[in-house]
Amino acid sequence: MNEHIDIWLVGNTGLRNPNRIQDGFKVFAGSPFVGNLRGKDNEIGFMNYLNEKGIIQNEEGKDTSGSHARKWRLMFAKNGLIYPQISKKEQEDLGPLDDITPFGRVFLKADTYPAVQECYLRAMSVEQFPMPDGIHHFSPLRWLLAIMLELEKRTGSSEMSRIEFALWGHTTNPSCDLNEVVDNILDLRQRRASAPAKRPFDKKEIAKRGENYNKKPDNFLDYSDMNMRYLRISGVLQRKGRGLIIVPTKHVLAEKLAKTTASSTPIMEQYKLLCNGAPLPTDNADVAKTLLEDLLKQVKERHILCDISDLPLNTPAEINIARQRIENILAQTDEIQYANDQCNQWQEIADYMTLLIKGGGKLVYDEDNAIEVPKDETPAYLEWTLWRAALAIDHMVNKPYEVRGFKLDSDFMPVSAAGGGKGDLYCEFDDFTILTEVTMSTSSRQEAMEGEPVRRHVSDAVLKYEKPVYGMFIAVKIDTNTAETFRHGIWYARGDMKQRLDIVPLTLEQFQEYFVAMFEGNQAKPEHLRDLILECETKRDILETPEWKQYINTVVTEKAYAVRTGIKHTAVPDGPIVLPGAMVRHVTFGVGQVVGLMASFPGCQAKTMELPYLKGLPDEVSMAPNGNTLHHNRFGEGKVFAYIIVFNSVIMPISYPSSFLNKELLVE
């Protein structure tokens with residue numbers, strides 16, 4: 001195979017995540033740009049519109065040409081969502097340029113991930129990619145399935161590695177001999193297996209294959225990652241390492257779709273198929289029944305309970321509904337197995353946290369194993385990573401798919417972040433529930449965006465669960481105004497019922513430190529997470545917010561050390577924490593209430609000062625986490641030496657901490 005090489009592109013490098021297309025298309029459908037996507041003004045206008053709606057992040061001045069709009073337009077057209085541009089005469093026959101197609105309307109109504117996948121599968125099954133002869137057309141997906149099925153026939157597995165796809169997958173088409181392509185893949189596989197170092201070997205192979213390619217050799221791998229991602233969204237393929245494998249539950253469908261020859265059908269007819277929704281083998285009753293029977297066989301082999309006796313099986317649509325029910329049960333079963341394995345994946349989970357702290361990026365373990373957080377998908381990956389962390393800690397009484405609100409693909413990777421209206425992660429344990437809310441926002445807008453919904457979600461959970469509910473708010477950076485909102489934690493539920501909510505703000509780095517420590521100390525238990533939250537809360541009423549944030553950091557460090565080593569932090573007792581207005585019991589005077597305190601301030605001329613402490617300290621005074629060190633805006637550092645307490649018949653100062661340490665006085 002020494003002929004000129006071209007790499008086919010099922011996606012676009014400017015829109016690497018096909019899961020974003022539906023959100024962008026929904027925005028487009030409600031815009032004035034339907035049918036008006038041509039010309040510089042419209043392109044720039046649509047690009048700005050996408051930016052305003054949060055679909056893209058176009059930094060000011062980064063793109064002034066409207067290239068973003070052209071990339072989205074290309075993907076809309078390639079997937080049959082809008083009418084593509086053809087000759088003027090044929091355009092009238094096909095449909096108005098850049099207008100929404102009948103298939104585009106179906107795509108807009110796809111409200112489940114399997115439904116979205118089926119739309120992509122229909123689009124990718126259309127033979128619209130030109131062959132080298134300029135006459136025939138082919139479907140990259142159907143050609144690749146033929147390669148993978150031949151690999152399976154010879155080796156027992158349809159798996160194709162990343163380097164195999166890069167060199168012999170998207171560089172070939174039906175003009176190539178299928179057997180020769182598979183011969184080359186297996187030859188590459190055998191030689192690579194015996195190579196002492198994979199990276200130099202791959203580099204050499206790319207250079208050799210690149211002799212017949214007139215563009216950058218980097219494209220072999222760069223385009224591979226993008227192409228494989230688009231091919232996976234068809235639902236027929238899934239990840240295997242950094243490569244691909246046919247989804248077991250879709251194997252029969254893959255066999256029906258695979259095609260080794262190109263089509264001679266005119267491109268105009270292909271476009272009509274594309275824009276109206278191409279047929280699938282499952283639209284045929286006999287094929288649909290074959291797929292259903294294959295699934296039932298898999299369910300039986302895996303000893304999974306599944307009942308479809310209540311469903312009619314008379315039409316292809318009815319048969320496919322039954323098939324989708326079984327696929328959903330299988331997917332949930334696989335998710336439970338995935339969840340059970342997360343305790344063994346805690347180091348990878350921590351690595352994802354590191355990438356998120358950096359704002360995204362890639363970590364390559366070796367040539368066949370790598371993890372990546374795309375920079376424009378950090379919100380979805382943050383939810384997904386914290387979900388995996390919760391699964392790793394384990395002991396939840398709810399199912400893994402009940403914990404999350406976001407969608408997963410068949411590889412258990414995030415499709416998109418959870419929608420609004422409910423919390424991000426609900427982790428229910430035997431004796432308590434932890435509701436985790438996450439955000440990638442780091443600006444002063446963080447409080448405006450998160451303060452109200454987080455408290456509302458925790459409040460709703462408090463009313464729903466008949467057990468204590470604790471909130472964790474996790475962000476790369478915690479804005480002090482956000483922490484202030486959660487420090488007070490006040491929310492009025494229906495009927496003006498006042499609630500004091502338990503919500504602790506943690507940076508992702510702090511959570512990562514404690515998460516890793518639990519596993520390094522073999523102490524990954526939800527009770528430790530609850531104890532961390534409770535400890536962080538102990539001083540929220542006596543500290544100003546900046547000091548509370550510092551205290552939380554100290555608690556995380558100390559408790560992480562304790563769970564990692566088994567050695568608890570011990571400090572010289574400096575007396576109990578006395579909250580404003582605390583109720584106390586004296587051995588002689590009985591029950592009393594704290595209304596003030598006395599403190600020494602060397603920087604003050606009078607040296608001592610009485611301060612009110614019934615509801616809190618004056619604004620110019622703050623208390624350190626140790627509970628007895630004060631800071632006055634004018635007089636500097638001071639020390640509490642007594643609390644003023646109102647008893648039934650007397651108001652008097654009680655020395656601190658001595659009277660508290662010798663049990664003369666107890667805080668109730």
# chains A, B, ... in the order shown; residues from 1 in each chain; ligands from 1
$ residues_around --residues "Ser459 (chain A)" --least-positions-apart "5" --cutoff "10 Å" --atoms "only C-alpha atoms" --output "PyMOL selection string"
chain A and resi 453-454+464+469+471+489-493+498-502
$ write_last_selection --atoms "C-alpha atoms" --output "mmCIF file, in the first residue's frame"
data_model
loop_
_atom_site.group_PDB
_atom_site.id
_atom_site.type_symbol
_atom_site.label_atom_id
_atom_site.label_comp_id
_atom_site.auth_asym_id
_atom_site.auth_seq_id
_atom_site.Cartn_x
_atom_site.Cartn_y
_atom_site.Cartn_z
ATOM 1 C CA PRO A 453 -29.091 26.951 44.676
ATOM 2 C CA VAL A 454 -26.668 25.061 46.929
ATOM 3 C CA LYS A 464 -36.476 14.555 52.119
ATOM 4 C CA VAL A 469 -27.759 15.779 55.741
ATOM 5 C CA GLY A 471 -23.357 19.564 52.376
ATOM 6 C CA GLY A 489 -25.987 28.501 56.367
ATOM 7 C CA ILE A 490 -29.398 30.046 56.919
ATOM 8 C CA TRP A 491 -32.320 29.068 54.698
ATOM 9 C CA TYR A 492 -36.052 29.557 55.074
ATOM 10 C CA ALA A 493 -38.004 26.580 53.773
ATOM 11 C CA LYS A 498 -35.860 28.514 59.494
ATOM 12 C CA GLN A 499 -33.076 26.000 58.867
ATOM 13 C CA ARG A 500 -29.425 26.066 59.880
ATOM 14 C CA LEU A 501 -27.699 24.060 57.167
ATOM 15 C CA ASP A 502 -24.427 22.161 57.473
#
$ residues_around --residues "Gly596 (chain A)" --least-positions-apart "2" --cutoff "8 Å" --atoms "only C-alpha atoms" --output "ChimeraX atom specification"
/A:594,598,610-614,643-645
$ write_last_selection --atoms "N, CA and C atoms" --output "mmCIF file, in the first residue's frame"
data_model
loop_
_atom_site.group_PDB
_atom_site.id
_atom_site.type_symbol
_atom_site.label_atom_id
_atom_site.label_comp_id
_atom_site.auth_asym_id
_atom_site.auth_seq_id
_atom_site.Cartn_x
_atom_site.Cartn_y
_atom_site.Cartn_z
ATOM 1 N N VAL A 594 -23.634 33.145 78.371
ATOM 2 C CA VAL A 594 -22.529 34.046 78.050
ATOM 3 C C VAL A 594 -23.084 35.282 77.343
ATOM 4 N N MET A 598 -13.991 39.297 78.551
ATOM 5 C CA MET A 598 -12.952 40.237 78.965
ATOM 6 C C MET A 598 -11.645 39.773 78.340
ATOM 7 N N GLU A 610 -13.712 45.050 77.928
ATOM 8 C CA GLU A 610 -14.911 44.215 77.943
ATOM 9 C C GLU A 610 -15.603 44.334 76.588
ATOM 10 N N LEU A 611 -16.009 43.187 76.034
ATOM 11 C CA LEU A 611 -16.649 43.172 74.722
ATOM 12 C C LEU A 611 -17.956 42.390 74.784
ATOM 13 N N PRO A 612 -19.006 42.855 74.099
ATOM 14 C CA PRO A 612 -20.260 42.087 74.055
ATOM 15 C C PRO A 612 -20.042 40.769 73.297
ATOM 16 N N TYR A 613 -20.738 39.712 73.728
ATOM 17 C CA TYR A 613 -20.551 38.404 73.080
ATOM 18 C C TYR A 613 -21.830 37.569 73.153
ATOM 19 N N LEU A 614 -22.976 38.262 73.165
ATOM 20 C CA LEU A 614 -24.235 37.526 73.196
ATOM 21 C C LEU A 614 -24.575 36.962 71.815
ATOM 22 N N TYR A 643 -15.023 35.152 80.690
ATOM 23 C CA TYR A 643 -16.311 35.336 80.022
ATOM 24 C C TYR A 643 -17.305 35.893 81.032
ATOM 25 N N ILE A 644 -18.096 36.858 80.588
ATOM 26 C CA ILE A 644 -19.117 37.459 81.445
ATOM 27 C C ILE A 644 -20.400 36.652 81.264
ATOM 28 N N ILE A 645 -20.904 36.137 82.405
ATOM 29 C CA ILE A 645 -22.030 35.204 82.345
ATOM 30 C C ILE A 645 -23.167 35.695 83.235
#
$ atom_distance --atom1 "CA of Thr565 (chain A)" --atom2 "CA of Trp387 (chain A)"
25.8 Å
$ select_by_dssp --residues "region 271-300 of chain A" --states "helix (DSSP H, G or I)" --output "ChimeraX atom specification"
/A:271-276,281-283,285-300
$ write_last_selection --atoms "C-alpha atoms" --output "short mmCIF file (atom, residue, chain, number, x, y, z; two decimals), in the first residue's frame"
data_model
loop_
_atom_site.label_atom_id
_atom_site.label_comp_id
_atom_site.auth_asym_id
_atom_site.auth_seq_id
_atom_site.Cartn_x
_atom_site.Cartn_y
_atom_site.Cartn_z
CA TYR A 271 -27.97 13.82 1.24
CA LYS A 272 -31.71 13.16 1.04
CA LEU A 273 -31.23 10.09 3.21
CA LEU A 274 -29.09 12.08 5.62
CA CYS A 275 -31.52 14.99 5.95
CA ASN A 276 -34.61 12.83 6.38
CA PRO A 281 -31.08 -2.36 10.26
CA THR A 282 -33.15 -2.18 13.46
CA ASP A 283 -35.99 -0.57 11.49
CA ALA A 285 -38.66 -6.35 12.27
CA ASP A 286 -36.59 -9.47 11.58
CA VAL A 287 -33.30 -7.71 12.32
CA ALA A 288 -34.77 -6.06 15.42
CA LYS A 289 -35.87 -9.50 16.67
CA THR A 290 -32.40 -10.93 16.03
CA LEU A 291 -30.84 -8.14 18.10
CA LEU A 292 -33.40 -8.64 20.86
CA GLU A 293 -32.74 -12.39 20.99
CA ASP A 294 -29.00 -11.77 21.17
CA LEU A 295 -29.50 -9.40 24.10
CA LEU A 296 -31.75 -11.87 25.93
CA LYS A 297 -29.04 -14.49 25.49
CA GLN A 298 -26.43 -12.14 27.01
CA VAL A 299 -28.74 -11.35 29.93
CA LYS A 300 -29.25 -15.06 30.60
#
$ residues_around --residues "Asp41 (chain A)" --least-positions-apart "5" --cutoff "10 Å" --atoms "only C-alpha atoms" --output "ChimeraX atom specification"
/A:36,46-47,65-66
$ residues_around --residues "Ser655 (chain A)" --least-positions-apart "5" --cutoff "12 Å" --atoms "only C-alpha atoms" --output "ChimeraX atom specification"
/A:575,597-599,628,639-645,660-662,664-665
$ residues_around --residues "region 258-262 of chain A" --least-positions-apart "3" --cutoff "8 Å" --atoms "only C-alpha atoms" --output "short mmCIF file (atom, residue, chain, number, x, y, z; two decimals) with N, CA and C atoms, in the first residue's frame"
data_model
loop_
_atom_site.label_atom_id
_atom_site.label_comp_id
_atom_site.auth_asym_id
_atom_site.auth_seq_id
_atom_site.Cartn_x
_atom_site.Cartn_y
_atom_site.Cartn_z
N GLU A 127 -23.48 6.99 3.44
CA GLU A 127 -22.24 6.95 2.65
C GLU A 127 -22.07 8.27 1.90
N MET A 131 -14.79 8.95 -2.23
CA MET A 131 -13.70 8.01 -2.47
C MET A 131 -12.63 8.68 -3.33
N HIS A 136 -17.49 7.52 -6.28
CA HIS A 136 -18.17 6.74 -5.25
C HIS A 136 -18.03 7.42 -3.87
N HIS A 137 -18.86 6.93 -2.93
CA HIS A 137 -18.83 7.46 -1.56
C HIS A 137 -18.89 6.30 -0.57
N PHE A 138 -18.44 6.57 0.66
CA PHE A 138 -18.44 5.52 1.68
C PHE A 138 -18.74 6.11 3.05
N SER A 139 -19.01 5.23 3.99
CA SER A 139 -19.23 5.60 5.39
C SER A 139 -18.02 5.13 6.20
N LEU A 141 -17.61 4.87 9.36
CA LEU A 141 -18.03 3.97 10.44
C LEU A 141 -18.23 2.56 9.92
N ARG A 142 -18.92 2.41 8.81
CA ARG A 142 -19.23 1.08 8.29
C ARG A 142 -17.96 0.38 7.79
N TRP A 143 -17.05 1.14 7.22
CA TRP A 143 -15.77 0.58 6.78
C TRP A 143 -14.95 0.12 7.99
N LEU A 144 -14.91 0.94 9.03
CA LEU A 144 -14.13 0.59 10.22
C LEU A 144 -14.71 -0.64 10.90
N LEU A 145 -16.03 -0.75 10.95
CA LEU A 145 -16.66 -1.94 11.54
C LEU A 145 -16.25 -3.20 10.78
N ALA A 146 -16.14 -3.08 9.47
CA ALA A 146 -15.70 -4.24 8.66
C ALA A 146 -14.29 -4.65 9.04
N PRO A 174 -12.73 1.88 1.45
CA PRO A 174 -13.06 0.67 0.66
C PRO A 174 -12.29 0.48 -0.64
N SER A 175 -11.47 1.45 -1.03
CA SER A 175 -10.62 1.21 -2.20
C SER A 175 -9.45 0.30 -1.84
N LEU A 178 -9.52 -5.21 2.19
CA LEU A 178 -9.76 -5.41 3.62
C LEU A 178 -8.75 -6.36 4.24
N ALA A 254 -23.57 -4.19 14.60
CA ALA A 254 -22.31 -3.90 13.91
C ALA A 254 -22.14 -4.79 12.69
N GLU A 255 -22.50 -6.05 12.83
CA GLU A 255 -22.41 -6.99 11.70
C GLU A 255 -23.31 -6.55 10.55
#
$ atom_distance --atom1 "CA of Arg540 (chain A)" --atom2 "CA of His488 (chain A)"
7.8 Å
$ residues_around --residues "Ala69 (chain A)" --least-positions-apart "4" --cutoff "9 Å" --atoms "only C-alpha atoms" --output "PyMOL selection string"
chain A and resi 37+42-48+50+73-74
$ closest_residue --among "A:Met583, A:Val403, A:Met228, A:Ile7" --to "Leu244 (chain A)" --atoms "only C-alpha atoms"
A:Met228
$ residues_around --residues "Thr545 (chain A)" --least-positions-apart "4" --cutoff "7 Å" --atoms "only C-alpha atoms" --output "list in words"
Thr480, Ala483, Glu484 and Lys549 of chain A
$ decode --residues "region 533-641 of chain A" --atoms "C-alpha atoms" --output "compact mmCIF listing (two decimals), in the first residue's frame"
# COMPACT_ATOMS: atom_id res chain seq x y z
CA ILE A 533 -17.36 18.19 57.79
CA LEU A 534 -18.38 18.32 61.46
CA GLU A 535 -14.90 19.33 62.61
CA CYS A 536 -14.72 22.10 60.03
CA GLU A 537 -18.06 23.44 61.27
CA THR A 538 -17.16 23.65 64.96
CA LYS A 539 -15.79 27.18 64.79
CA ARG A 540 -17.88 28.76 62.08
CA ASP A 541 -19.85 30.82 64.64
CA ILE A 542 -16.85 32.37 66.37
CA LEU A 543 -14.63 33.07 63.37
CA GLU A 544 -14.85 35.61 60.60
CA THR A 545 -14.94 33.99 57.17
CA PRO A 546 -11.26 34.48 56.18
CA GLU A 547 -10.22 32.90 59.49
CA TRP A 548 -12.79 30.11 59.06
CA LYS A 549 -11.29 29.26 55.66
CA GLN A 550 -7.86 29.08 57.31
CA TYR A 551 -9.27 26.89 60.06
CA ILE A 552 -10.82 24.51 57.49
CA ASN A 553 -7.43 24.19 55.83
CA THR A 554 -5.81 23.39 59.18
CA VAL A 555 -8.47 20.79 59.98
CA VAL A 556 -8.03 19.12 56.58
CA THR A 557 -4.26 18.92 57.03
CA GLU A 558 -4.47 17.56 60.58
CA LYS A 559 -7.23 15.02 59.87
CA ALA A 560 -5.52 13.90 56.66
CA TYR A 561 -2.38 13.21 58.69
CA ALA A 562 -4.45 11.33 61.28
CA VAL A 563 -6.23 9.02 58.80
CA ARG A 564 -3.02 8.43 56.85
CA THR A 565 -0.85 7.55 59.87
CA GLY A 566 -3.32 6.61 62.58
CA ILE A 567 -1.70 9.26 64.79
CA LYS A 568 -4.14 11.89 66.01
CA HIS A 569 -3.02 15.49 66.34
CA THR A 570 -2.77 16.43 69.99
CA ALA A 571 -2.43 19.97 71.19
CA VAL A 572 -2.05 21.54 74.61
CA PRO A 573 -5.60 22.13 75.86
CA ASP A 574 -6.51 25.79 75.65
CA GLY A 575 -10.04 25.52 76.89
CA PRO A 576 -13.26 24.64 75.07
CA ILE A 577 -14.62 26.77 72.25
CA VAL A 578 -17.23 29.11 73.71
CA LEU A 579 -19.81 30.25 71.17
CA PRO A 580 -21.61 33.62 71.39
CA GLY A 581 -24.54 33.40 73.79
CA ALA A 582 -23.54 29.88 74.87
CA MET A 583 -25.47 28.26 77.71
CA VAL A 584 -23.24 27.07 80.57
CA ARG A 585 -23.63 25.27 83.91
CA HIS A 586 -21.67 26.34 87.01
CA VAL A 587 -21.18 23.97 89.95
CA THR A 588 -22.43 26.69 92.35
CA PHE A 589 -24.54 29.17 90.38
CA GLY A 590 -26.30 26.73 88.06
CA VAL A 591 -27.35 27.53 84.48
CA GLY A 592 -26.19 30.78 82.88
CA GLN A 593 -25.62 32.42 79.52
CA VAL A 594 -22.53 34.05 78.05
CA VAL A 595 -23.19 37.72 77.23
CA GLY A 596 -19.68 39.17 77.03
CA LEU A 597 -15.98 38.56 77.45
CA MET A 598 -12.95 40.24 78.97
CA ALA A 599 -9.69 40.37 77.05
CA SER A 600 -6.22 41.78 77.50
CA PHE A 601 -4.87 43.99 74.69
CA PRO A 602 -1.25 45.11 75.26
CA GLY A 603 -1.69 47.67 72.47
CA CYS A 604 -4.57 49.34 74.31
CA GLN A 605 -3.84 52.03 76.90
CA ALA A 606 -6.29 50.46 79.36
CA LYS A 607 -4.66 47.04 78.70
CA THR A 608 -8.01 45.24 79.21
CA MET A 609 -11.38 45.52 77.52
CA GLU A 610 -14.91 44.22 77.94
CA LEU A 611 -16.65 43.17 74.72
CA PRO A 612 -20.26 42.09 74.05
CA TYR A 613 -20.55 38.40 73.08
CA LEU A 614 -24.24 37.53 73.20
CA LYS A 615 -24.68 37.35 69.40
CA GLY A 616 -21.10 37.77 68.27
CA LEU A 617 -18.10 40.05 68.47
CA PRO A 618 -18.11 43.67 67.29
CA ASP A 619 -17.13 44.12 63.63
CA GLU A 620 -13.68 45.46 64.53
CA VAL A 621 -12.78 42.30 66.47
CA SER A 622 -12.23 38.75 65.20
CA MET A 623 -11.35 35.51 66.98
CA ALA A 624 -8.65 33.02 65.92
CA PRO A 625 -9.44 29.32 65.49
CA ASN A 626 -7.96 28.49 68.94
CA GLY A 627 -10.92 30.21 70.62
CA ASN A 628 -8.96 32.57 72.87
CA THR A 629 -6.83 34.80 70.64
CA LEU A 630 -8.49 37.99 69.40
CA HIS A 631 -7.49 40.57 66.82
CA HIS A 632 -8.66 44.17 67.16
CA ASN A 633 -8.47 46.47 64.14
CA ARG A 634 -6.92 49.25 66.30
CA PHE A 635 -5.22 47.49 69.19
CA GLY A 636 -3.88 44.36 67.53
CA GLU A 637 -3.70 40.96 69.21
CA GLY A 638 -5.42 40.20 72.49
CA LYS A 639 -6.26 37.25 74.74
CA VAL A 640 -9.55 36.21 76.34
CA PHE A 641 -9.09 35.83 80.10
